[in-house]
>>> print(open('my_file.pdb').read())   # PDB, C-alpha atoms, pLDDT in the B column
ATOM      1  CA  MET Y1442      71.591 317.026 -41.834  1.00 75.00           C
ATOM      2  CA  THR Y1443      69.605 320.223 -41.994  1.00 89.00           C
ATOM      3  CA  ARG Y1444      68.628 322.276 -38.996  1.00 90.00           C
ATOM      4  CA  ARG Y1445      64.953 321.438 -39.477  1.00 90.00           C
ATOM      5  CA  ARG Y1446      65.594 317.672 -39.557  1.00 90.00           C
ATOM      6  CA  ARG Y1447      67.787 317.931 -36.419  1.00 91.00           C
ATOM      7  CA  ARG Y1448      64.949 319.688 -34.549  1.00 92.00           C
ATOM      8  CA  LEU Y1449      62.545 316.973 -35.683  1.00 92.00           C
ATOM      9  CA  TYR Y1450      64.877 314.238 -34.344  1.00 93.00           C
ATOM     10  CA  ILE Y1451      65.290 316.041 -31.020  1.00 94.00           C
ATOM     11  CA  LEU Y1452      61.537 316.491 -30.708  1.00 94.00           C
ATOM     12  CA  LEU Y1453      60.984 312.817 -31.584  1.00 95.00           C
ATOM     13  CA  LEU Y1454      63.560 311.659 -28.989  1.00 95.00           C
ATOM     14  CA  CYS Y1455      61.933 313.853 -26.325  1.00 95.00           C
ATOM     15  CA  ALA Y1456      58.496 312.405 -27.130  1.00 95.00           C
ATOM     16  CA  ILE Y1457      59.846 308.838 -26.921  1.00 96.00           C
ATOM     17  CA  GLY Y1458      61.573 309.623 -23.606  1.00 95.00           C
ATOM     18  CA  LEU Y1459      58.445 311.221 -22.146  1.00 95.00           C
ATOM     19  CA  GLY Y1460      56.277 308.331 -23.327  1.00 94.00           C
ATOM     20  CA  SER Y1461      58.671 305.784 -21.839  1.00 94.00           C
ATOM     21  CA  ALA Y1462      58.787 307.621 -18.498  1.00 93.00           C
ATOM     22  CA  THR Y1463      54.985 307.806 -18.419  1.00 91.00           C
ATOM     23  CA  ALA Y1464      54.629 304.095 -19.201  1.00 90.00           C
ATOM     24  CA  LEU Y1465      57.139 303.134 -16.491  1.00 89.00           C
ATOM     25  CA  THR Y1466      55.407 305.350 -13.926  1.00 85.00           C
ATOM     26  CA  LEU Y1467      51.966 303.927 -14.706  1.00 81.00           C
ATOM     27  CA  THR Y1468      53.312 300.366 -14.530  1.00 80.00           C
ATOM     28  CA  ALA Y1469      54.846 301.063 -11.115  1.00 78.00           C
ATOM     29  CA  PHE Y1470      51.618 302.632  -9.808  1.00 73.00           C
ATOM     30  CA  GLN Y1471      49.476 299.754 -11.066  1.00 67.00           C
ATOM     31  CA  ASP Y1472      51.029 297.412  -8.498  1.00 61.00           C
ATOM     32  CA  ASN Y1473      50.382 299.930  -5.710  1.00 63.00           C
ATOM     33  CA  LEU Y1474      46.761 300.780  -6.559  1.00 64.00           C
ATOM     34  CA  VAL Y1475      44.460 299.286  -3.952  1.00 65.00           C
ATOM     35  CA  PHE Y1476      40.717 299.274  -4.577  1.00 77.00           C
ATOM     36  CA  PHE Y1477      37.978 299.034  -1.949  1.00 81.00           C
ATOM     37  CA  ARG Y1478      35.397 296.261  -2.156  1.00 86.00           C
ATOM     38  CA  SER Y1479      32.489 295.317   0.059  1.00 86.00           C
ATOM     39  CA  PRO Y1480      31.418 291.693   0.654  1.00 89.00           C
ATOM     40  CA  SER Y1481      28.513 292.219  -1.781  1.00 88.00           C
ATOM     41  CA  ASP Y1482      30.959 293.385  -4.465  1.00 87.00           C
ATOM     42  CA  ILE Y1483      32.986 290.209  -3.955  1.00 88.00           C
ATOM     43  CA  ALA Y1484      29.838 288.064  -4.137  1.00 87.00           C
ATOM     44  CA  ARG Y1485      28.986 289.664  -7.499  1.00 89.00           C
ATOM     45  CA  GLU Y1486      32.482 289.452  -8.959  1.00 87.00           C
ATOM     46  CA  MET Y1487      35.367 287.547  -7.403  1.00 85.00           C
ATOM     47  CA  PRO Y1488      38.624 289.532  -7.688  1.00 83.00           C
ATOM     48  CA  PRO Y1489      41.591 287.771  -9.289  1.00 79.00           C
ATOM     49  CA  PRO Y1490      43.694 285.735  -6.817  1.00 76.00           C
ATOM     50  CA  GLY Y1491      46.800 287.580  -5.693  1.00 79.00           C
ATOM     51  CA  ARG Y1492      45.430 291.071  -6.456  1.00 82.00           C
ATOM     52  CA  ALA Y1493      45.576 293.297  -3.348  1.00 85.00           C
ATOM     53  CA  PHE Y1494      42.460 295.241  -2.364  1.00 87.00           C
ATOM     54  CA  ARG Y1495      40.688 296.643   0.684  1.00 88.00           C
ATOM     55  CA  LEU Y1496      37.741 294.776   2.129  1.00 89.00           C
ATOM     56  CA  GLY Y1497      35.445 296.777   4.385  1.00 87.00           C
ATOM     57  CA  GLY Y1498      32.316 296.294   6.409  1.00 87.00           C
ATOM     58  CA  LEU Y1499      31.398 295.314   9.923  1.00 86.00           C
ATOM     59  CA  VAL Y1500      32.815 292.415  11.907  1.00 88.00           C
ATOM     60  CA  GLU Y1501      30.002 289.869  11.995  1.00 87.00           C
ATOM     61  CA  ALA Y1502      28.628 289.067  15.443  1.00 86.00           C
ATOM     62  CA  GLY Y1503      29.859 285.721  16.768  1.00 88.00           C
ATOM     63  CA  SER Y1504      32.439 285.220  14.031  1.00 90.00           C
ATOM     64  CA  VAL Y1505      35.702 286.133  15.801  1.00 90.00           C
ATOM     65  CA  GLU Y1506      37.915 283.100  16.510  1.00 90.00           C
ATOM     66  CA  ARG Y1507      41.421 283.341  17.926  1.00 88.00           C
ATOM     67  CA  GLN Y1508      43.409 280.441  16.444  1.00 84.00           C
ATOM     68  CA  GLY Y1509      46.774 280.399  18.223  1.00 81.00           C
ATOM     69  CA  THR Y1510      50.043 281.664  16.786  1.00 80.00           C
ATOM     70  CA  THR Y1511      52.024 281.321  13.578  1.00 78.00           C
ATOM     71  CA  ALA Y1512      55.542 279.872  13.345  1.00 76.00           C
ATOM     72  CA  GLU Y1513      56.826 283.451  13.699  1.00 80.00           C
ATOM     73  CA  GLY Y1514      54.910 283.841  16.979  1.00 81.00           C
ATOM     74  CA  ARG Y1515      52.193 286.163  15.644  1.00 85.00           C
ATOM     75  CA  PRO Y1516      48.630 285.559  16.866  1.00 88.00           C
ATOM     76  CA  THR Y1517      46.152 284.380  14.218  1.00 90.00           C
ATOM     77  CA  ILE Y1518      42.545 285.516  14.152  1.00 92.00           C
ATOM     78  CA  ARG Y1519      39.675 284.465  11.882  1.00 93.00           C
ATOM     79  CA  PHE Y1520      36.501 286.530  11.500  1.00 94.00           C
ATOM     80  CA  ARG Y1521      33.859 287.456   8.947  1.00 93.00           C
ATOM     81  CA  VAL Y1522      33.274 290.895   7.438  1.00 91.00           C
ATOM     82  CA  THR Y1523      29.690 291.665   6.448  1.00 88.00           C
ATOM     83  CA  ASP Y1524      27.737 294.461   4.837  1.00 85.00           C
ATOM     84  CA  GLY Y1525      24.411 292.959   5.873  1.00 81.00           C
ATOM     85  CA  VAL Y1526      23.852 291.181   2.575  1.00 85.00           C
ATOM     86  CA  SER Y1527      26.978 289.093   2.147  1.00 87.00           C
ATOM     87  CA  ALA Y1528      29.924 288.103   4.306  1.00 90.00           C
ATOM     88  CA  VAL Y1529      33.537 287.178   3.596  1.00 91.00           C
ATOM     89  CA  SER Y1530      35.812 285.081   5.832  1.00 93.00           C
ATOM     90  CA  VAL Y1531      39.040 286.835   6.801  1.00 94.00           C
ATOM     91  CA  VAL Y1532      42.242 285.413   8.295  1.00 93.00           C
ATOM     92  CA  PHE Y1533      44.802 287.770   9.827  1.00 93.00           C
ATOM     93  CA  ALA Y1534      48.138 286.935  11.436  1.00 90.00           C
ATOM     94  CA  GLY Y1535      49.163 289.757  13.719  1.00 88.00           C
ATOM     95  CA  VAL Y1536      47.900 291.978  16.480  1.00 87.00           C
ATOM     96  CA  VAL Y1537      44.498 293.523  15.771  1.00 85.00           C
ATOM     97  CA  PRO Y1538      43.797 297.124  16.852  1.00 84.00           C
ATOM     98  CA  ASP Y1539      42.430 297.731  20.362  1.00 81.00           C
ATOM     99  CA  LEU Y1540      39.079 298.884  18.955  1.00 81.00           C
ATOM    100  CA  PHE Y1541      38.604 295.690  16.923  1.00 85.00           C
ATOM    101  CA  ARG Y1542      35.488 293.806  18.074  1.00 84.00           C
ATOM    102  CA  GLU Y1543      32.266 292.289  16.791  1.00 85.00           C
ATOM    103  CA  GLY Y1544      29.802 294.745  15.290  1.00 81.00           C
ATOM    104  CA  GLN Y1545      32.445 297.419  14.668  1.00 82.00           C
ATOM    105  CA  GLY Y1546      33.513 298.859  11.344  1.00 84.00           C
ATOM    106  CA  VAL Y1547      36.706 297.450   9.896  1.00 88.00           C
ATOM    107  CA  VAL Y1548      38.799 297.877   6.756  1.00 89.00           C
ATOM    108  CA  THR Y1549      41.275 295.125   5.901  1.00 91.00           C
ATOM    109  CA  LEU Y1550      44.023 295.128   3.288  1.00 91.00           C
ATOM    110  CA  GLY Y1551      45.059 291.867   1.673  1.00 91.00           C
ATOM    111  CA  VAL Y1552      44.378 289.345  -1.085  1.00 91.00           C
ATOM    112  CA  MET Y1553      41.686 286.791  -1.821  1.00 89.00           C
ATOM    113  CA  SER Y1554      42.980 283.223  -1.824  1.00 88.00           C
ATOM    114  CA  PRO Y1555      41.651 280.599  -4.277  1.00 86.00           C
ATOM    115  CA  ASP Y1556      39.673 278.932  -1.443  1.00 86.00           C
ATOM    116  CA  GLY Y1557      37.573 282.108  -1.023  1.00 85.00           C
ATOM    117  CA  VAL Y1558      39.178 283.295   2.220  1.00 91.00           C
ATOM    118  CA  PHE Y1559      40.523 286.837   2.402  1.00 92.00           C
ATOM    119  CA  ARG Y1560      44.124 286.817   3.702  1.00 93.00           C
ATOM    120  CA  ALA Y1561      44.595 290.184   5.419  1.00 92.00           C
ATOM    121  CA  ARG Y1562      48.009 291.697   5.991  1.00 91.00           C
ATOM    122  CA  GLU Y1563      46.594 294.778   7.717  1.00 91.00           C
ATOM    123  CA  VAL Y1564      43.454 295.413   9.790  1.00 90.00           C
ATOM    124  CA  LEU Y1565      42.178 298.910  10.531  1.00 86.00           C
ATOM    125  CA  ALA Y1566      39.368 299.510  13.039  1.00 80.00           C
ATOM    126  CA  ARG Y1567      37.311 302.634  13.539  1.00 63.00           C
ATOM    127  CA  HIS Y1568      38.609 305.060  16.142  1.00 56.00           C
ATOM    128  CA  ASP Y1569      35.515 306.215  18.044  1.00 54.00           C
ATOM    129  CA  GLU Y1570      31.850 305.424  18.420  1.00 54.00           C
ATOM    130  CA  THR Y1571      30.693 307.860  15.725  1.00 57.00           C
ATOM    131  CA  TYR Y1572      33.310 307.245  13.026  1.00 58.00           C
ATOM    132  CA  MET Y1573      32.646 304.925  10.109  1.00 64.00           C
ATOM    133  CA  PRO Y1574      35.124 304.525   7.237  1.00 64.00           C
ATOM    134  CA  PRO Y1575      33.724 306.237   4.117  1.00 73.00           C
ATOM    135  CA  GLU Y1576      33.977 302.997   2.146  1.00 70.00           C
ATOM    136  CA  VAL Y1577      31.890 301.142   4.739  1.00 71.00           C
ATOM    137  CA  ALA Y1578      29.297 303.933   4.779  1.00 74.00           C
ATOM    138  CA  ASP Y1579      29.064 303.770   0.968  1.00 77.00           C
ATOM    139  CA  ALA Y1580      28.623 299.994   1.083  1.00 75.00           C
ATOM    140  CA  LEU Y1581      25.805 300.343   3.653  1.00 75.00           C
ATOM    141  CA  LYS Y1582      24.101 302.964   1.493  1.00 78.00           C
ATOM    142  CA  ARG Y1583      24.359 300.782  -1.635  1.00 78.00           C
ATOM    143  CA  SER Y1584      22.953 297.754   0.180  1.00 75.00           C
ATOM    144  CA  GLY Y1585      19.995 299.795   1.458  1.00 73.00           C
ATOM    145  CA  HIS Y1586      20.808 299.437   5.161  1.00 68.00           C
ATOM    146  CA  TRP Y1587      21.376 303.145   5.731  1.00 71.00           C
ATOM    147  CA  ASN Y1588      19.875 306.344   4.386  1.00 71.00           C
ATOM    148  CA  PRO Y1589      21.958 309.331   5.605  1.00 72.00           C
ATOM    149  CA  SER Y1590      18.936 311.652   5.403  1.00 73.00           C
ATOM    150  CA  GLN Y1591      17.310 309.595   8.191  1.00 70.00           C
ATOM    151  CA  GLY Y1592      20.147 310.118  10.666  1.00 68.00           C
ATOM    152  CA  ALA Y1593      23.302 308.373  11.817  1.00 67.00           C
ATOM    153  CA  ALA Y1594      24.256 304.898  10.650  1.00 64.00           C
ATOM    154  CA  PRO Y1595      22.329 302.185  12.479  1.00 61.00           C
ATOM    155  CA  PRO Y1596      24.102 299.834  14.851  1.00 60.00           C
ATOM    156  CA  ALA Y1597      25.048 296.533  13.296  1.00 55.00           C
ATOM    157  CA  ALA Y1598      22.593 294.609  15.479  1.00 54.00           C
ATOM    158  CA  THR Y1599      19.628 296.264  13.741  1.00 56.00           C
ATOM    159  CA  TRP Y1600      20.533 295.314  10.179  1.00 51.00           C
ATOM    160  CA  ASN Y1601      23.043 292.470  10.392  1.00 51.00           C
ATOM    161  CA  THR Y1602      20.731 289.620   9.428  1.00 49.00           C
ATOM    162  CA  LEU Y1603      23.562 287.139   9.091  1.00 47.00           C
ATOM    163  CA  GLU Y1604      23.605 284.664  11.929  1.00 46.00           C
ATOM    164  CA  PRO Y1605      26.854 283.143  13.229  1.00 45.00           C
ATOM    165  CA  GLY Y1606      27.511 279.709  11.814  1.00 44.00           C
ATOM    166  CA  ARG Y1607      24.976 280.174   9.030  1.00 43.00           C
ATOM    167  CA  PRO Y1608      26.224 280.852   5.493  1.00 42.00           C
ATOM    168  CA  ALA Y1609      25.614 284.246   3.955  1.00 41.00           C
ATOM    169  CA  ARG Y1610      22.716 284.668   1.541  1.00 42.00           C
ATOM    170  CA  SER Y1611      25.156 285.203  -1.310  1.00 40.00           C
ATOM    171  CA  GLY Y1612      28.897 285.143  -1.733  1.00 40.00           C
ATOM    172  CA  THR Y1613      31.429 283.500   0.488  1.00 41.00           C
TER     173      THR Y1613
END
>>> encode(input="my_file.pdb", output="structure tokens")
Amino acid sequence: MTRRRRRLYILLLCAIGLGSATALTLTAFQDNLVFFRSPSDIAREMPPPGRAFRLGGLVEAGSVERQGTTAEGRPTIRFRVTDGVSAVSVVFAGVVPDLFREGQGVVTLGVMSPDGVFRAREVLARHDETYMPPEVADALKRSGHWNPSQGAAPPAATWNTLEPGRPARSGT
């Protein structure tokens, strides 16, 4: 084997090793990537069942129901997340943050079940009266309920046209 051929084999082995490491890293990250979706996004295109994502919006007025506890003793809560156009039902087993309440911004992490209910494994609520998660603000801008050049985001009562007990105009 000549010196030139040996260098070529070493270079080829390094390229295969680097390619394999890159492929393994990307495969590992794919399971951990979590995308944000608003209720309107879900109404347009239902995510695949079992795929984790973040759902954000405002807790719909009159939608919070405490449903008892699970077999593990964790409290269960059901509520709807809305962006003013669509709403998605959410079920969460656990303790919600202190700032969680109707009309407040919320970001949930979980999966969509085949029956159209979002099963949250984590619920995050905003931390003061002026904060709104960037994803929620973007969803409000896209739906036309807020124009940042006209001032602060409006309170949910002024644009949340979804009424409790009435189905959303589109989506779940």
>>> residues_around(input="my_file.pdb", residues="stretch 1477-1484 of chain Y", least_positions_apart="3", cutoff="10 Å", atoms="all atoms listed in the file", output="MDAnalysis selection string")
chainID Y and resid 1487:1488 1493:1499 1521:1530 1548:1550 1553 1557 1576:1577 1579:1581 1583:1584 1609:1613
>>> write_last_selection(input="my_file.pdb", atoms="C-alpha atoms", output="PDB file, in the frame of the given file")
ATOM      1  CA  MET Y1487      35.367 287.547  -7.403  1.00 85.00           C
ATOM      2  CA  PRO Y1488      38.624 289.532  -7.688  1.00 83.00           C
ATOM      3  CA  ALA Y1493      45.576 293.297  -3.348  1.00 85.00           C
ATOM      4  CA  PHE Y1494      42.460 295.241  -2.364  1.00 87.00           C
ATOM      5  CA  ARG Y1495      40.688 296.643   0.684  1.00 88.00           C
ATOM      6  CA  LEU Y1496      37.741 294.776   2.129  1.00 89.00           C
ATOM      7  CA  GLY Y1497      35.445 296.777   4.385  1.00 87.00           C
ATOM      8  CA  GLY Y1498      32.316 296.294   6.409  1.00 87.00           C
ATOM      9  CA  LEU Y1499      31.398 295.314   9.923  1.00 86.00           C
ATOM     10  CA  ARG Y1521      33.859 287.456   8.947  1.00 93.00           C
ATOM     11  CA  VAL Y1522      33.274 290.895   7.438  1.00 91.00           C
ATOM     12  CA  THR Y1523      29.690 291.665   6.448  1.00 88.00           C
ATOM     13  CA  ASP Y1524      27.737 294.461   4.837  1.00 85.00           C
ATOM     14  CA  GLY Y1525      24.411 292.959   5.873  1.00 81.00           C
ATOM     15  CA  VAL Y1526      23.852 291.181   2.575  1.00 85.00           C
ATOM     16  CA  SER Y1527      26.978 289.093   2.147  1.00 87.00           C
ATOM     17  CA  ALA Y1528      29.924 288.103   4.306  1.00 90.00           C
ATOM     18  CA  VAL Y1529      33.537 287.178   3.596  1.00 91.00           C
ATOM     19  CA  SER Y1530      35.812 285.081   5.832  1.00 93.00           C
ATOM     20  CA  VAL Y1548      38.799 297.877   6.756  1.00 89.00           C
ATOM     21  CA  THR Y1549      41.275 295.125   5.901  1.00 91.00           C
ATOM     22  CA  LEU Y1550      44.023 295.128   3.288  1.00 91.00           C
ATOM     23  CA  MET Y1553      41.686 286.791  -1.821  1.00 89.00           C
ATOM     24  CA  GLY Y1557      37.573 282.108  -1.023  1.00 85.00           C
ATOM     25  CA  GLU Y1576      33.977 302.997   2.146  1.00 70.00           C
ATOM     26  CA  VAL Y1577      31.890 301.142   4.739  1.00 71.00           C
ATOM     27  CA  ASP Y1579      29.064 303.770   0.968  1.00 77.00           C
ATOM     28  CA  ALA Y1580      28.623 299.994   1.083  1.00 75.00           C
ATOM     29  CA  LEU Y1581      25.805 300.343   3.653  1.00 75.00           C
ATOM     30  CA  ARG Y1583      24.359 300.782  -1.635  1.00 78.00           C
ATOM     31  CA  SER Y1584      22.953 297.754   0.180  1.00 75.00           C
ATOM     32  CA  ALA Y1609      25.614 284.246   3.955  1.00 41.00           C
ATOM     33  CA  ARG Y1610      22.716 284.668   1.541  1.00 42.00           C
ATOM     34  CA  SER Y1611      25.156 285.203  -1.310  1.00 40.00           C
ATOM     35  CA  GLY Y1612      28.897 285.143  -1.733  1.00 40.00           C
ATOM     36  CA  THR Y1613      31.429 283.500   0.488  1.00 41.00           C
TER      37      THR Y1613
END
>>> closest_residue(input="my_file.pdb", among="Y:Pro1490, Y:Phe1470, Y:Arg1446, Y:Thr1517", to="Y:Phe1559", atoms="only C-alpha atoms")
Y:Pro1490
>>> residues_around(input="my_file.pdb", residues="Y:Val1500", least_positions_apart="3", cutoff="8 Å", atoms="all atoms listed in the file", output="PyMOL selection string")
chain Y and resi 1504-1505+1520-1523+1542-1547
>>> write_last_selection(input="my_file.pdb", atoms="C-alpha atoms", output="tab-separated table (two decimals), in the frame of the given file")
chain	number	residue	atom	x	y	z
Y	1504	SER	CA	32.44	285.22	14.03
Y	1505	VAL	CA	35.70	286.13	15.80
Y	1520	PHE	CA	36.50	286.53	11.50
Y	1521	ARG	CA	33.86	287.46	8.95
Y	1522	VAL	CA	33.27	290.90	7.44
Y	1523	THR	CA	29.69	291.67	6.45
Y	1542	ARG	CA	35.49	293.81	18.07
Y	1543	GLU	CA	32.27	292.29	16.79
Y	1544	GLY	CA	29.80	294.74	15.29
Y	1545	GLN	CA	32.44	297.42	14.67
Y	1546	GLY	CA	33.51	298.86	11.34
Y	1547	VAL	CA	36.71	297.45	9.90
>>> atom_distance(input="my_file.pdb", atom1="atom CA of Y:Val1552", atom2="atom CA of Y:Val1536")
18.1 Å
>>> closest_residue(input="my_file.pdb", among="Y:Arg1519, Y:Phe1476, Y:Ile1457, Y:Ala1462", to="Y:Gly1503", atoms="only C-alpha atoms")
Y:Arg1519
>>> atom_distance(input="my_file.pdb", atom1="atom CA of Y:Pro1589", atom2="atom CA of Y:Glu1486")
26.8 Å
>>> atom_distance(input="my_file.pdb", atom1="atom CA of Y:Tyr1450", atom2="atom CA of Y:Ala1469")
28.5 Å
>>> axis_aligned_box(input="my_file.pdb", around="stretch 1485-1495 of chain Y", padding_each_side="6 Å", output="JSON")
{"center_x": 37.9, "center_y": 291.2, "center_z": -4.3, "size_x": 29.8, "size_y": 22.9, "size_z": 22.0}
>>> closest_residue(input="my_file.pdb", among="Y:Met1442, Y:Ala1502, Y:Val1532, Y:Cys1455", to="Y:Arg1562", atoms="all atoms listed in the file")
Y:Val1532
>>> closest_residue(input="my_file.pdb", among="Y:Leu1467, Y:Ala1561, Y:Ala1566, Y:Ala1512", to="Y:Val1531", atoms="all atoms listed in the file")
Y:Ala1561
>>> residues_around(input="my_file.pdb", residues="Y:Ile1518", least_positions_apart="4", cutoff="6 Å", atoms="all atoms listed in the file", output="PyMOL selection string")
chain Y and resi 1506-1508+1532-1533
>>> decode(input="my_file.pdb", residues="stretch 1462-1488 of chain Y", atoms="N, CA and C atoms", output="compact mmCIF listing (two decimals), in the first residue's frame")
# COMPACT_ATOMS: atom_id res chain seq x y z
N ALA Y 1462 -21.23 10.41 13.34
CA ALA Y 1462 -21.44 11.20 14.56
C ALA Y 1462 -22.49 12.29 14.33
N THR Y 1463 -22.44 12.94 13.18
CA THR Y 1463 -23.42 13.97 12.86
C THR Y 1463 -24.83 13.37 12.76
N ALA Y 1464 -24.95 12.24 12.10
CA ALA Y 1464 -26.26 11.59 11.96
C ALA Y 1464 -26.82 11.17 13.32
N LEU Y 1465 -25.98 10.61 14.18
CA LEU Y 1465 -26.44 10.22 15.51
C LEU Y 1465 -26.87 11.42 16.34
N THR Y 1466 -26.11 12.51 16.26
CA THR Y 1466 -26.45 13.72 17.00
C THR Y 1466 -27.78 14.30 16.53
N LEU Y 1467 -27.97 14.39 15.22
CA LEU Y 1467 -29.23 14.92 14.69
C LEU Y 1467 -30.41 14.03 15.04
N THR Y 1468 -30.24 12.73 15.05
CA THR Y 1468 -31.30 11.81 15.43
C THR Y 1468 -31.67 12.00 16.90
N ALA Y 1469 -30.67 12.19 17.75
CA ALA Y 1469 -30.94 12.41 19.18
C ALA Y 1469 -31.65 13.74 19.40
N PHE Y 1470 -31.27 14.79 18.69
CA PHE Y 1470 -31.90 16.09 18.84
C PHE Y 1470 -33.33 16.10 18.31
N GLN Y 1471 -33.62 15.30 17.30
CA GLN Y 1471 -34.94 15.30 16.70
C GLN Y 1471 -36.02 14.95 17.73
N ASP Y 1472 -35.72 14.04 18.64
CA ASP Y 1472 -36.68 13.67 19.67
C ASP Y 1472 -36.85 14.77 20.70
N ASN Y 1473 -35.86 15.65 20.85
CA ASN Y 1473 -35.92 16.69 21.86
C ASN Y 1473 -36.39 18.04 21.32
N LEU Y 1474 -36.53 18.17 20.00
CA LEU Y 1474 -37.01 19.42 19.43
C LEU Y 1474 -38.49 19.58 19.76
N VAL Y 1475 -38.85 20.73 20.28
CA VAL Y 1475 -40.23 21.00 20.64
C VAL Y 1475 -40.66 22.28 19.95
N PHE Y 1476 -41.66 22.21 19.09
CA PHE Y 1476 -42.13 23.35 18.35
C PHE Y 1476 -43.32 24.00 19.04
N PHE Y 1477 -43.49 25.29 18.83
CA PHE Y 1477 -44.63 26.02 19.39
C PHE Y 1477 -45.74 26.06 18.36
N ARG Y 1478 -46.97 25.86 18.83
CA ARG Y 1478 -48.14 25.97 17.97
C ARG Y 1478 -49.23 26.72 18.72
N SER Y 1479 -50.00 27.50 17.99
CA SER Y 1479 -51.16 28.17 18.56
C SER Y 1479 -52.39 27.33 18.23
N PRO Y 1480 -53.52 27.58 18.89
CA PRO Y 1480 -54.74 26.83 18.55
C PRO Y 1480 -55.13 26.97 17.07
N SER Y 1481 -54.90 28.13 16.47
CA SER Y 1481 -55.21 28.30 15.04
C SER Y 1481 -54.32 27.42 14.17
N ASP Y 1482 -53.05 27.28 14.57
CA ASP Y 1482 -52.14 26.40 13.83
C ASP Y 1482 -52.64 24.96 13.88
N ILE Y 1483 -53.13 24.55 15.03
CA ILE Y 1483 -53.63 23.18 15.19
C ILE Y 1483 -54.91 22.98 14.39
N ALA Y 1484 -55.76 24.02 14.32
CA ALA Y 1484 -56.99 23.93 13.53
C ALA Y 1484 -56.66 23.77 12.05
N ARG Y 1485 -55.61 24.44 11.58
CA ARG Y 1485 -55.20 24.33 10.18
C ARG Y 1485 -54.58 22.98 9.88
N GLU Y 1486 -53.70 22.52 10.76
CA GLU Y 1486 -52.99 21.27 10.52
C GLU Y 1486 -52.78 20.54 11.84
N MET Y 1487 -53.44 19.43 11.99
CA MET Y 1487 -53.34 18.63 13.22
C MET Y 1487 -51.96 17.98 13.28
N PRO Y 1488 -51.22 18.18 14.38
CA PRO Y 1488 -49.91 17.53 14.51
C PRO Y 1488 -50.07 16.02 14.66
